[in-house]
$ cat upload_27.txt   # compact mmCIF, C-alpha atoms
# COMPACT_ATOMS: atom_id res chain seq x y z
CA MET W 74 31.99 -72.92 18.86
CA THR W 75 30.34 -71.16 21.75
CA THR W 76 31.96 -68.25 23.52
CA ALA W 77 31.60 -69.54 27.07
CA SER W 78 33.14 -67.88 30.14
CA LYS W 79 36.24 -65.86 29.30
CA PRO W 80 39.07 -64.23 31.22
CA ALA W 81 39.44 -60.47 31.08
CA SER W 82 40.44 -59.25 27.63
CA PRO W 83 42.33 -56.03 26.77
CA ILE W 84 40.25 -53.06 25.68
CA ILE W 85 40.90 -51.98 22.09
CA GLU W 86 42.61 -48.60 22.24
CA SER W 87 43.63 -48.27 18.58
CA ARG W 88 43.03 -49.78 15.16
CA ASP W 89 46.57 -51.11 15.21
CA GLN W 90 45.34 -53.73 17.66
CA LEU W 91 42.81 -54.95 15.10
CA ILE W 92 45.54 -55.35 12.51
CA GLN W 93 47.89 -56.99 14.98
CA SER W 94 45.20 -59.56 15.77
CA PHE W 95 45.84 -60.99 12.29
CA ALA W 96 49.62 -60.62 12.50
CA ARG W 97 49.60 -62.75 15.64
CA GLY W 98 48.52 -65.65 13.45
CA GLU W 99 51.80 -65.66 11.55
CA LYS W 100 53.79 -68.88 12.00
CA PRO W 101 56.98 -70.31 10.50
CA LYS W 102 56.34 -73.07 8.00
CA ASP W 103 57.37 -75.84 10.37
CA ALA W 104 54.61 -74.69 12.76
CA TRP W 105 51.81 -74.68 10.18
CA ARG W 106 48.96 -76.92 11.21
CA ILE W 107 45.71 -78.31 9.78
CA GLY W 108 42.38 -77.79 11.52
CA THR W 109 39.43 -79.67 10.03
CA GLU W 110 35.77 -79.06 10.89
CA HIS W 111 32.87 -81.18 9.79
CA GLU W 112 29.17 -81.19 10.50
CA LYS W 113 26.60 -83.96 10.17
CA PHE W 114 22.85 -84.22 10.60
CA VAL W 115 21.48 -86.16 13.57
CA TYR W 116 18.31 -88.19 13.08
CA ALA W 117 16.21 -90.73 14.99
CA ASN W 118 16.56 -94.17 13.48
CA GLY W 119 12.86 -94.95 13.75
CA ASP W 120 11.21 -92.09 11.85
CA HIS W 121 14.19 -89.94 10.77
CA HIS W 122 13.02 -86.90 12.74
CA ALA W 123 15.66 -84.44 13.93
CA PRO W 124 15.96 -84.84 17.73
CA SER W 125 15.37 -81.81 19.90
CA TYR W 126 17.79 -80.80 22.61
CA ASP W 127 15.84 -82.06 25.64
CA GLU W 128 13.86 -85.03 24.34
CA PRO W 129 14.85 -88.50 25.55
CA SER W 130 17.69 -89.71 23.33
CA GLY W 131 18.06 -86.15 22.08
CA ILE W 132 21.01 -83.86 21.54
CA ARG W 133 21.69 -83.24 25.23
CA ALA W 134 21.75 -86.98 25.84
CA LEU W 135 24.15 -87.41 22.92
CA LEU W 136 26.54 -84.88 24.42
CA GLY W 137 26.33 -86.69 27.73
CA GLU W 138 27.22 -90.04 26.17
CA LEU W 139 30.48 -88.59 24.89
CA GLU W 140 31.79 -87.83 28.38
CA GLN W 141 32.92 -91.46 28.65
CA TYR W 142 35.53 -90.70 25.98
CA GLY W 143 37.06 -87.84 27.97
CA TRP W 144 35.04 -84.99 26.51
CA LYS W 145 34.19 -82.25 29.01
CA PRO W 146 30.96 -80.23 28.77
CA VAL W 147 30.95 -76.50 27.99
CA LEU W 148 27.97 -74.83 29.62
CA GLU W 149 25.81 -71.88 28.66
CA GLY W 150 23.01 -70.93 31.00
CA GLY W 151 23.74 -74.12 32.93
CA LYS W 152 23.20 -76.33 29.89
CA PRO W 153 25.88 -78.27 27.99
CA ILE W 154 26.05 -76.80 24.50
CA ALA W 155 29.51 -78.02 23.47
CA MET W 156 32.29 -80.39 24.53
CA SER W 157 36.04 -79.90 24.76
CA GLY W 158 38.72 -82.54 24.57
CA ALA W 159 42.04 -83.64 23.16
CA ASP W 160 40.57 -83.83 19.65
CA GLY W 161 39.38 -80.22 19.69
CA SER W 162 35.78 -79.35 20.38
CA ILE W 163 32.31 -80.64 19.60
CA SER W 164 29.68 -77.99 19.08
CA LEU W 165 26.06 -77.70 18.04
CA GLU W 166 24.83 -75.88 14.98
CA PRO W 167 21.46 -74.13 15.26
CA ALA W 168 19.19 -77.15 14.58
CA GLY W 169 21.39 -79.69 16.31
CA GLN W 170 23.80 -80.42 13.49
CA PHE W 171 26.76 -82.04 15.22
CA GLU W 172 30.18 -80.52 14.54
CA LEU W 173 33.72 -81.61 15.31
CA SER W 174 36.16 -78.71 15.23
CA GLY W 175 39.34 -80.72 15.19
CA ALA W 176 42.60 -79.91 16.92
CA PRO W 177 45.42 -78.24 14.94
CA LEU W 178 47.41 -81.19 13.59
CA ASP W 179 50.67 -81.64 11.71
CA ASN W 180 49.54 -83.89 8.88
CA LEU W 181 46.59 -85.47 7.13
CA HIS W 182 47.23 -88.92 8.59
CA GLU W 183 46.56 -87.40 12.01
CA THR W 184 43.54 -85.53 10.66
CA CYS W 185 41.96 -88.69 9.29
CA ALA W 186 42.68 -90.61 12.48
CA GLU W 187 41.03 -87.84 14.50
CA THR W 188 37.97 -87.96 12.24
CA GLY W 189 37.80 -91.74 12.60
CA ARG W 190 37.96 -91.56 16.41
CA HIS W 191 35.19 -88.99 16.50
CA LEU W 192 32.92 -90.93 14.16
CA ASP W 193 33.49 -94.16 16.09
CA GLN W 194 32.52 -92.38 19.30
CA VAL W 195 29.37 -90.70 18.02
CA LYS W 196 28.24 -93.86 16.22
CA ALA W 197 28.64 -95.88 19.43
CA ALA W 198 26.67 -93.23 21.31
CA GLY W 199 24.09 -93.19 18.55
CA GLU W 200 23.59 -96.94 18.68
CA LYS W 201 22.80 -96.67 22.37
CA LEU W 202 20.36 -93.79 21.84
CA GLY W 203 18.77 -94.99 18.59
CA ILE W 204 20.07 -92.13 16.49
CA GLY W 205 22.10 -91.93 13.29
CA PHE W 206 24.25 -89.41 11.45
CA LEU W 207 23.79 -88.28 7.86
CA GLY W 208 26.58 -86.93 5.65
CA LEU W 209 24.97 -84.45 3.25
CA GLY W 210 25.14 -80.72 2.59
CA MET W 211 21.46 -80.09 3.31
CA TRP W 212 18.59 -81.86 5.00
CA PRO W 213 17.02 -83.84 2.14
CA ASP W 214 13.50 -83.98 3.52
CA LYS W 215 12.95 -81.52 6.38
CA THR W 216 11.05 -78.25 6.34
CA ARG W 217 12.27 -75.45 8.58
CA ALA W 218 9.23 -75.95 10.79
CA GLU W 219 10.15 -79.58 11.44
CA LEU W 220 13.54 -78.69 12.90
CA PRO W 221 14.40 -77.93 16.53
CA THR W 222 16.62 -75.10 17.74
CA MET W 223 19.44 -75.36 20.23
CA PRO W 224 19.63 -73.31 23.47
CA LYS W 225 22.48 -71.03 22.43
CA GLY W 226 22.08 -67.29 22.91
CA ARG W 227 23.89 -66.24 19.75
CA TYR W 228 21.65 -68.46 17.66
CA ALA W 229 18.50 -66.91 19.08
CA ILE W 230 19.78 -63.49 17.97
CA MET W 231 20.73 -64.77 14.51
CA LEU W 232 17.40 -66.55 14.02
CA ARG W 233 15.57 -63.29 14.70
CA HIS W 234 17.86 -61.24 12.47
CA MET W 235 18.31 -63.48 9.42
CA PRO W 236 14.84 -62.89 7.86
CA ARG W 237 15.52 -59.14 7.91
CA VAL W 238 18.51 -59.39 5.58
CA GLY W 239 17.91 -62.34 3.24
CA SER W 240 15.43 -65.00 2.22
CA MET W 241 17.59 -68.05 2.94
CA GLY W 242 19.51 -67.29 6.12
CA LEU W 243 17.28 -69.57 8.17
CA ASP W 244 17.96 -72.37 5.72
CA MET W 245 21.69 -71.80 6.15
CA MET W 246 21.36 -72.04 9.92
CA LEU W 247 18.86 -74.87 10.22
CA ARG W 248 19.21 -77.05 7.15
CA THR W 249 22.87 -77.18 6.04
CA CYS W 250 26.11 -78.95 6.89
CA THR W 251 29.64 -78.25 5.71
CA ILE W 252 33.24 -79.40 5.85
CA GLN W 253 35.88 -76.71 6.43
CA VAL W 254 39.63 -76.58 6.81
CA ASN W 255 41.64 -73.97 8.70
CA LEU W 256 45.19 -73.23 7.55
CA ASP W 257 48.12 -71.07 8.66
CA TYR W 258 50.21 -68.41 6.96
CA ALA W 259 53.78 -67.18 7.44
CA SER W 260 53.40 -63.47 6.71
CA GLU W 261 50.98 -60.86 5.45
CA ALA W 262 52.09 -61.51 1.86
CA ASP W 263 51.71 -65.27 2.30
CA MET W 264 48.24 -64.76 3.75
CA ALA W 265 47.24 -62.57 0.82
CA LYS W 266 48.37 -65.05 -1.82
CA LYS W 267 46.70 -67.99 -0.07
CA PHE W 268 43.53 -65.93 0.37
CA ARG W 269 43.45 -65.11 -3.35
CA VAL W 270 44.04 -68.67 -4.50
CA GLY W 271 41.53 -69.95 -1.94
CA LEU W 272 38.83 -67.54 -3.09
CA ALA W 273 39.37 -68.08 -6.81
CA LEU W 274 39.39 -71.88 -6.50
CA GLN W 275 36.67 -72.11 -3.84
CA PRO W 276 34.09 -72.84 -6.57
CA LEU W 277 36.16 -75.90 -7.53
CA ALA W 278 35.86 -77.20 -3.98
CA THR W 279 32.13 -76.44 -4.04
CA ALA W 280 31.75 -78.45 -7.24
CA LEU W 281 33.85 -81.43 -6.13
CA PHE W 282 31.97 -81.64 -2.82
CA ALA W 283 28.50 -80.72 -4.15
CA ASN W 284 26.17 -82.94 -2.13
CA SER W 285 22.85 -81.18 -1.53
CA PRO W 286 20.48 -81.83 -4.46
CA PHE W 287 17.27 -82.44 -2.44
CA THR W 288 14.90 -80.13 -0.58
CA GLU W 289 11.83 -81.38 1.26
CA GLY W 290 11.96 -84.75 -0.45
CA LYS W 291 12.47 -83.69 -4.07
CA PRO W 292 15.30 -82.55 -6.36
CA ASN W 293 15.82 -78.81 -5.93
CA GLY W 294 17.46 -78.09 -9.29
CA MET W 295 20.87 -77.56 -7.72
CA LEU W 296 23.88 -79.76 -7.11
CA SER W 297 24.97 -77.70 -4.10
CA TYR W 298 21.86 -76.05 -2.73
CA ARG W 299 23.89 -75.31 0.39
CA SER W 300 26.16 -73.09 -1.70
CA HIS W 301 23.17 -71.49 -3.42
CA ILE W 302 21.71 -70.58 -0.02
CA TRP W 303 24.64 -68.27 0.65
CA SER W 304 23.63 -66.13 -2.35
CA ASP W 305 20.74 -64.68 -0.34
CA THR W 306 21.69 -65.07 3.30
CA ASP W 307 23.16 -61.64 4.13
CA PRO W 308 25.03 -59.66 1.45
CA HIS W 309 26.90 -57.63 4.08
CA ARG W 310 28.79 -60.66 5.42
CA THR W 311 29.05 -63.15 2.55
CA GLY W 312 30.55 -63.44 -0.92
CA MET W 313 33.77 -63.51 -2.95
CA LEU W 314 35.37 -60.32 -1.54
CA PRO W 315 36.71 -58.63 -4.72
CA PHE W 316 38.95 -56.34 -2.65
CA VAL W 317 41.17 -59.32 -1.76
CA PHE W 318 42.54 -59.18 -5.32
CA GLU W 319 43.34 -55.48 -5.21
CA ASP W 320 46.94 -54.28 -5.01
CA GLY W 321 48.01 -53.74 -1.43
CA PHE W 322 45.51 -56.11 0.11
CA GLY W 323 46.51 -57.18 3.61
CA TYR W 324 45.50 -57.20 7.24
CA GLU W 325 44.38 -53.57 7.31
CA ARG W 326 42.04 -53.93 4.36
CA TYR W 327 40.42 -57.04 5.83
CA ALA W 328 40.02 -55.23 9.16
CA GLU W 329 38.23 -52.41 7.34
CA TYR W 330 35.92 -54.95 5.71
CA ALA W 331 35.20 -56.61 9.05
CA LEU W 332 34.40 -53.26 10.64
CA ASP W 333 31.72 -52.76 8.01
CA VAL W 334 30.12 -56.15 8.73
CA PRO W 335 27.06 -55.44 10.91
CA MET W 336 27.25 -56.82 14.42
CA TYR W 337 25.20 -59.70 15.82
CA PHE W 338 25.90 -59.63 19.55
CA VAL W 339 28.10 -58.65 22.46
CA TYR W 340 28.89 -61.26 25.10
CA ARG W 341 28.79 -59.98 28.68
CA ASP W 342 28.47 -61.76 32.04
CA GLY W 343 27.62 -65.10 30.50
CA LYS W 344 24.90 -63.72 28.23
CA TYR W 345 24.58 -62.63 24.60
CA ILE W 346 23.28 -59.09 24.17
CA ASP W 347 21.46 -58.47 20.91
CA ALA W 348 23.44 -56.02 18.77
CA ALA W 349 22.08 -57.17 15.41
CA GLY W 350 22.63 -54.56 12.73
CA LEU W 351 24.71 -52.22 14.89
CA SER W 352 28.16 -50.94 13.93
CA PHE W 353 31.46 -52.13 15.37
CA ARG W 354 32.87 -48.75 14.32
CA ASP W 355 30.46 -47.12 16.77
CA PHE W 356 31.55 -49.64 19.40
CA LEU W 357 35.19 -48.56 18.90
CA LYS W 358 34.14 -44.97 19.63
CA GLY W 359 32.22 -45.96 22.76
CA GLU W 360 28.96 -45.09 21.03
CA LEU W 361 27.24 -48.47 20.83
CA SER W 362 23.63 -47.82 21.79
CA ILE W 363 23.23 -50.97 23.88
CA LEU W 364 26.48 -50.34 25.85
CA PRO W 365 26.87 -46.55 25.92
CA GLY W 366 30.36 -45.40 26.85
CA GLU W 367 31.82 -48.90 26.74
CA LYS W 368 34.57 -49.84 24.29
CA PRO W 369 35.18 -53.31 22.86
CA THR W 370 37.79 -55.80 23.98
CA LEU W 371 39.94 -58.00 21.78
CA ASP W 372 37.56 -60.85 22.63
CA ASP W 373 34.70 -58.78 21.23
CA TRP W 374 36.70 -58.36 18.01
CA THR W 375 37.39 -62.10 17.84
CA ASP W 376 33.68 -62.79 18.32
CA HIS W 377 32.79 -60.25 15.65
CA LEU W 378 35.19 -61.80 13.12
CA SER W 379 33.33 -65.08 13.54
CA THR W 380 30.11 -63.46 12.29
CA ALA W 381 31.42 -62.74 8.78
CA PHE W 382 30.74 -65.59 6.34
CA PRO W 383 32.68 -65.04 3.10
CA GLU W 384 33.84 -67.96 0.97
CA VAL W 385 37.25 -67.67 2.67
CA ARG W 386 37.50 -66.09 6.12
CA LEU W 387 40.47 -64.59 7.94
CA LYS W 388 40.95 -64.88 11.69
CA THR W 389 44.40 -65.84 12.97
CA PHE W 390 44.24 -68.45 10.22
CA LEU W 391 42.41 -68.84 6.90
CA GLU W 392 39.18 -70.82 6.71
CA MET W 393 38.17 -72.55 3.47
CA ARG W 394 34.36 -72.54 3.55
CA GLY W 395 33.01 -73.78 0.20
CA ALA W 396 32.33 -77.50 0.68
CA ASP W 397 29.14 -79.44 1.42
CA GLY W 398 29.07 -82.04 4.16
CA GLY W 399 29.76 -85.59 3.09
CA PRO W 400 31.10 -89.03 4.01
CA TRP W 401 34.25 -89.94 5.90
CA ASN W 402 36.61 -90.08 2.93
CA ARG W 403 35.62 -86.62 1.71
CA ILE W 404 36.13 -85.18 5.20
CA CYS W 405 39.77 -86.21 4.75
CA ALA W 406 39.87 -85.13 1.09
CA LEU W 407 39.03 -81.46 1.68
CA PRO W 408 42.08 -80.68 3.82
CA ALA W 409 44.15 -82.74 1.39
CA LEU W 410 43.05 -80.47 -1.47
CA TRP W 411 43.83 -77.22 0.32
CA VAL W 412 46.98 -78.34 2.12
CA GLY W 413 48.31 -79.61 -1.20
CA LEU W 414 47.55 -76.33 -2.96
CA LEU W 415 48.57 -73.88 -0.25
CA TYR W 416 51.27 -75.39 1.99
CA ASP W 417 54.01 -75.87 -0.62
CA GLN W 418 55.39 -72.77 -2.34
CA ASN W 419 55.76 -74.37 -5.77
CA ALA W 420 52.18 -75.65 -5.59
CA LEU W 421 50.89 -72.28 -4.40
CA ASP W 422 52.65 -70.54 -7.29
CA ALA W 423 51.26 -73.08 -9.78
CA ALA W 424 47.75 -72.70 -8.37
CA TRP W 425 48.05 -68.93 -8.68
CA ASP W 426 49.10 -69.32 -12.30
CA LEU W 427 45.84 -71.21 -12.96
CA ILE W 428 43.64 -68.33 -11.90
CA LYS W 429 45.71 -65.13 -11.83
CA ASP W 430 44.26 -63.74 -15.07
CA TRP W 431 40.61 -64.16 -14.09
CA THR W 432 38.73 -60.91 -13.67
CA ILE W 433 36.44 -60.02 -10.79
CA ASP W 434 33.42 -60.60 -12.99
CA GLU W 435 34.73 -63.98 -14.20
CA ARG W 436 35.38 -65.18 -10.66
CA GLN W 437 31.91 -64.10 -9.59
CA ALA W 438 30.27 -65.71 -12.62
CA LEU W 439 31.95 -69.01 -11.78
CA ARG W 440 30.83 -68.76 -8.17
CA ASP W 441 27.27 -68.08 -9.29
CA ALA W 442 27.18 -70.97 -11.78
CA VAL W 443 28.73 -73.74 -9.70
CA PRO W 444 25.81 -74.50 -7.35
CA LYS W 445 23.67 -75.49 -10.34
CA LEU W 446 26.24 -76.72 -12.85
CA GLY W 447 29.06 -78.15 -10.75
CA LEU W 448 32.05 -79.10 -12.88
CA ASP W 449 30.14 -78.01 -15.99
CA ALA W 450 30.27 -74.35 -14.91
CA PRO W 451 32.00 -72.18 -17.54
CA ILE W 452 35.38 -70.68 -16.67
CA ALA W 453 37.30 -67.66 -17.88
CA GLY W 454 38.81 -68.02 -21.34
CA GLY W 455 36.35 -70.69 -22.45
CA GLY W 456 35.88 -74.26 -21.37
CA LYS W 457 34.43 -75.65 -18.17
CA LEU W 458 35.56 -76.05 -14.59
CA ARG W 459 36.18 -79.75 -15.19
CA ASP W 460 38.91 -78.72 -17.65
CA ILE W 461 41.11 -77.40 -14.85
CA ALA W 462 39.97 -79.77 -12.08
CA GLY W 463 42.50 -82.43 -12.97
CA ALA W 464 45.30 -79.88 -13.17
CA ALA W 465 44.38 -78.49 -9.75
CA LEU W 466 44.44 -81.99 -8.26
CA ASP W 467 47.83 -82.64 -9.88
CA ILE W 468 49.16 -79.46 -8.30
CA ALA W 469 47.73 -80.48 -4.93
CA SER W 470 49.25 -83.94 -5.26
CA ALA W 471 52.67 -82.47 -6.03
CA GLY W 472 52.34 -80.19 -3.01
CA LEU W 473 51.49 -83.10 -0.74
CA SER W 474 54.36 -85.17 -2.14
CA ALA W 475 56.76 -82.32 -1.44
CA ARG W 476 55.59 -82.19 2.19
CA ALA W 477 56.68 -85.83 2.59
CA ARG W 478 54.53 -86.50 5.63
CA LEU W 479 54.53 -90.29 5.88
CA ASN W 480 52.46 -92.70 7.95
CA ARG W 481 53.85 -95.84 9.55
CA ALA W 482 53.40 -97.76 6.31
CA GLY W 483 55.51 -95.20 4.45
CA ASP W 484 52.60 -93.65 2.54
CA ASN W 485 52.54 -89.92 1.95
CA GLU W 486 49.38 -87.81 2.00
CA THR W 487 48.49 -87.95 -1.70
CA GLY W 488 46.09 -90.89 -1.27
CA PHE W 489 43.62 -88.65 0.50
CA LEU W 490 42.95 -86.99 -2.87
CA ASP W 491 41.72 -90.28 -4.39
CA PRO W 492 37.99 -89.59 -3.81
CA LEU W 493 38.34 -86.31 -5.69
CA ARG W 494 40.27 -87.93 -8.53
CA GLU W 495 37.46 -90.45 -8.89
CA ILE W 496 34.91 -87.63 -9.12
CA VAL W 497 36.90 -85.95 -11.89
CA ARG W 498 37.47 -89.27 -13.67
CA SER W 499 33.77 -90.17 -13.56
CA GLY W 500 32.64 -86.68 -14.51
CA LYS W 501 29.93 -86.79 -11.83
CA VAL W 502 29.96 -84.84 -8.59
CA PRO W 503 28.39 -86.53 -5.54
CA ALA W 504 25.02 -84.81 -6.02
CA GLN W 505 24.74 -86.17 -9.55
CA VAL W 506 25.33 -89.69 -8.25
CA LEU W 507 22.54 -89.20 -5.70
CA LEU W 508 20.19 -87.85 -8.37
CA ASP W 509 20.90 -90.88 -10.55
CA ARG W 510 19.95 -93.07 -7.60
CA TYR W 511 16.81 -91.05 -6.91
CA HIS W 512 15.60 -91.33 -10.50
CA GLY W 513 16.73 -94.96 -10.69
CA VAL W 514 16.86 -97.59 -7.98
CA TRP W 515 15.28 -95.35 -5.31
CA GLY W 516 12.16 -94.93 -7.42
CA GLY W 517 11.78 -91.30 -6.37
CA ASP W 518 11.93 -92.13 -2.65
CA VAL W 519 14.42 -89.72 -1.07
CA SER W 520 14.25 -91.58 2.27
CA LYS W 521 16.59 -94.13 0.70
CA VAL W 522 19.36 -91.57 1.18
CA TYR W 523 19.42 -92.49 4.88
CA ASP W 524 20.56 -95.99 3.91
CA GLU W 525 23.30 -94.76 1.60
CA ALA W 526 24.61 -91.50 3.05
CA SER W 527 24.73 -92.25 6.78
CA PHE W 528 28.01 -92.64 8.61
$ encode --input "upload_27.txt" --output "structure tokens"
Amino acid sequence: MTTASKPASPIIESRDQLIQSFARGEKPKDAWRIGTEHEKFVYANGDHHAPSYDEPSGIRALLGELEQYGWKPVLEGGKPIAMSGADGSISLEPAGQFELSGAPLDNLHETCAETGRHLDQVKAAGEKLGIGFLGLGMWPDKTRAELPTMPKGRYAIMLRHMPRVGSMGLDMMLRTCTIQVNLDYASEADMAKKFRVGLALQPLATALFANSPFTEGKPNGMLSYRSHIWSDTDPHRTGMLPFVFEDGFGYERYAEYALDVPMYFVYRDGKYIDAAGLSFRDFLKGELSILPGEKPTLDDWTDHLSTAFPEVRLKTFLEMRGADGGPWNRICALPALWVGLLYDQNALDAAWDLIKDWTIDERQALRDAVPKLGLDAPIAGGGKLRDIAGAALDIASAGLSARARLNRAGDNETGFLDPLREIVRSGKVPAQVLLDRYHGVWGGDVSKVYDEASF
């Protein structure tokens, strides 16, 4: 989401304030909420091109159409670059990927209803403008050069900086879509355990949601190319964070990690100032070269935390970041997986038991293998990821049952796991189904994916 105009924020006088920024996220269990984010590709119905911001029936026009549903524009440089409303916020990814960052909600029934409202709204707007929405993890047919860029200052800085630090950062920005879920914690110890389980089992989510097997019209050799892209985006701000599993891990250790993540920008007077590659530690000392003598505010720290991209990210909540974009039912399934595993203590303990003996090297090896192999990736102790997938879903289901959040029909939340159970039962992740179609009834024509993977 963009960092539009902000009220004055306190200047950071000590490192304790950095640590307290995480402690402020602590909530009692009855106040834990679910925040779901999902992105989708926007395309013109006629020729499947990605609309630019200003073209007729483009991204700006799409934002404008949503005002009729109560969404209010968020401006940057006088241009609408996001929308705010009762269902959270709508924002633009660098090439116009359309994102809903949902409101913090009590249960998955509310989450799925929110998703349905949003998709109904954008589809109605799309029908008027002649545009559609594609649920995949990566553009199946577009080169970087064919894609537009959105008028957001932070993206301009990132687009310049990415090629300096990795070969695939521009692909991450321009050609990928994801589903994420944001979850709460009760204490520092609760955060640490959820972080560890989330990191260790993030490759399972990547496998179950793997949905990006095509690049520029052909199979790319991966099941989740989106996940593979992160392996060479920027090593200073990505990865599996081995230190999370060290004794004593907590807020202070994550703050130290974040301080070592190179900066992207500082936001001042409605503009993004390029700070790419500079040190937040220097900023704390008033020695940032672009703002000599000035010290950061808590808003600057919040902005900086949003520029780290590990598999799980800590802010005042935990973000689960391993899943490819996909269709409506999998948007609801991702929060179901993580809420089931992390929001019930018995489930959290059981999930920890699944992975607690894995070494740093074994966790990394699984992360490295999953983009290509999916559920066939080898796991610690022998066997494959598919061998524990069913057990993880059983744990999640038990966790959701224990929450006992019922809809009006009396159903609990466990049904939202059904798409994932079907994947495990069939033995094929979504990308493998698409590849079967490509080599079969599509006759090698990847454009057929628009018929089958659109919302």
$ closest_residue --input "upload_27.txt" --among "W:Ser130, W:Thr279, W:Thr487, W:Gln418" --to "Gly199 in chain W" --atoms "all atoms listed in the file"
W:Ser130
$ residues_around --input "upload_27.txt" --residues "Glu200 in chain W" --least-positions-apart "5" --cutoff "10 Å" --atoms "only C-alpha atoms" --output "number ranges by chain"
W: 118, 195, 205
$ closest_residue --input "upload_27.txt" --among "W:Leu181, W:Met336, W:Leu466, W:Leu91" --to "Asn480 in chain W" --atoms "all atoms listed in the file"
W:Leu181
$ atom_distance --input "upload_27.txt" --atom1 "CA of Asp307 in chain W" --atom2 "CA of Glu112 in chain W"
21.4 Å
$ atom_distance --input "upload_27.txt" --atom1 "CA of Arg394 in chain W" --atom2 "CA of Ser379 in chain W"
12.5 Å
$ residues_around --input "upload_27.txt" --residues "Gly472 in chain W" --least-positions-apart "4" --cutoff "12 Å" --atoms "all atoms listed in the file" --output "list in words"
Ala409, Leu410, Trp411, Val412, Gly413, Leu414, Leu415, Tyr416, Asp417, Gln418, Asn419, Ala420, Leu421, Asp422, Ala423, Ala424, Ala465, Leu466, Asp467, Ile468, Arg476, Ala477, Arg478, Asn485, Glu486, Thr487 and Leu490 of chain W
$ closest_atom_pairs --input "upload_27.txt" --of "range 253-330 of chain W" --to "range 206-219 of chain W" --cutoff "9 Å" --atoms "all atoms listed in the file" --output "JSON lines"
{"residue": "W:Phe282", "atom": "CA", "partner": "W:Gly210", "partner_atom": "CA", "distance": 8.8}
{"residue": "W:Ala283", "atom": "CA", "partner": "W:Gly210", "partner_atom": "CA", "distance": 7.5}
{"residue": "W:Asn284", "atom": "CA", "partner": "W:Gly210", "partner_atom": "CA", "distance": 5.3}
{"residue": "W:Ser285", "atom": "CA", "partner": "W:Gly210", "partner_atom": "CA", "distance": 4.7}
{"residue": "W:Pro286", "atom": "CA", "partner": "W:Pro213", "partner_atom": "CA", "distance": 7.7}
{"residue": "W:Phe287", "atom": "CA", "partner": "W:Pro213", "partner_atom": "CA", "distance": 4.8}
{"residue": "W:Thr288", "atom": "CA", "partner": "W:Pro213", "partner_atom": "CA", "distance": 5.1}
{"residue": "W:Glu289", "atom": "CA", "partner": "W:Asp214", "partner_atom": "CA", "distance": 3.8}
{"residue": "W:Gly290", "atom": "CA", "partner": "W:Asp214", "partner_atom": "CA", "distance": 4.3}
{"residue": "W:Lys291", "atom": "CA", "partner": "W:Asp214", "partner_atom": "CA", "distance": 7.7}
{"residue": "W:Pro292", "atom": "CA", "partner": "W:Pro213", "partner_atom": "CA", "distance": 8.8}
{"residue": "W:Ser297", "atom": "CA", "partner": "W:Gly210", "partner_atom": "CA", "distance": 7.3}
{"residue": "W:Tyr298", "atom": "CA", "partner": "W:Met211", "partner_atom": "CA", "distance": 7.3}
{"residue": "W:Arg299", "atom": "CA", "partner": "W:Gly210", "partner_atom": "CA", "distance": 6.0}
{"residue": "W:Ser300", "atom": "CA", "partner": "W:Gly210", "partner_atom": "CA", "distance": 8.8}
$ residues_around --input "upload_27.txt" --residues "range 223-233 of chain W" --least-positions-apart "2" --cutoff "8 Å" --atoms "only C-alpha atoms" --output "VMD selection string"
chain W and resid 75 125 to 126 149 152 154 165 to 169 221 235 to 237 243 246 337 to 338 344 to 345 347 349
$ closest_residue --input "upload_27.txt" --among "W:Ile302, W:Leu439, W:Leu281, W:Ser157" --to "Glu495 in chain W" --atoms "all atoms listed in the file"
W:Leu281
$ closest_residue --input "upload_27.txt" --among "W:Pro400, W:Pro492, W:Pro335, W:Gly463" --to "Phe114 in chain W" --atoms "all atoms listed in the file"
W:Pro400
$ atom_distance --input "upload_27.txt" --atom1 "CA of Thr184 in chain W" --atom2 "CA of Thr109 in chain W"
7.2 Å
$ residues_around --input "upload_27.txt" --residues "His301 in chain W" --least-positions-apart "3" --cutoff "10 Å" --atoms "only C-alpha atoms" --output "list in words"
Met241, Met245, Ser285, Met295, Leu296, Ser297, Tyr298, Ser304, Asp305, Thr306, Arg440, Asp441, Ala442, Val443, Pro444 and Lys445 of chain W
$ closest_residue --input "upload_27.txt" --among "W:Ala471, W:Val519, W:Leu448, W:Ala482" --to "Lys501 in chain W" --atoms "only C-alpha atoms"
W:Leu448
$ axis_aligned_box --input "upload_27.txt" --around "range 469-487 of chain W" --padding-each-side "3 Å" --output "JSON"
{"center_x": 52.2, "center_y": -89.0, "center_z": 1.8, "size_x": 15.0, "size_y": 23.6, "size_z": 21.6}
$ residues_around --input "upload_27.txt" --residues "Lys429 in chain W" --least-positions-apart "3" --cutoff "9 Å" --atoms "only C-alpha atoms" --output "list in words"
Arg269, Val270, Ala273, Ala424, Trp425, Asp426 and Thr432 of chain W
$ write_last_selection --input "upload_27.txt" --atoms "C-alpha atoms" --output "PDB file, keeping the file's coordinate frame"
ATOM      1  CA  ARG W 269      43.450 -65.110  -3.350  1.00  0.00           C
ATOM      2  CA  VAL W 270      44.040 -68.670  -4.500  1.00  0.00           C
ATOM      3  CA  ALA W 273      39.370 -68.080  -6.810  1.00  0.00           C
ATOM      4  CA  ALA W 424      47.750 -72.700  -8.370  1.00  0.00           C
ATOM      5  CA  TRP W 425      48.050 -68.930  -8.680  1.00  0.00           C
ATOM      6  CA  ASP W 426      49.100 -69.320 -12.300  1.00  0.00           C
ATOM      7  CA  THR W 432      38.730 -60.910 -13.670  1.00  0.00           C
TER       8      THR W 432
END
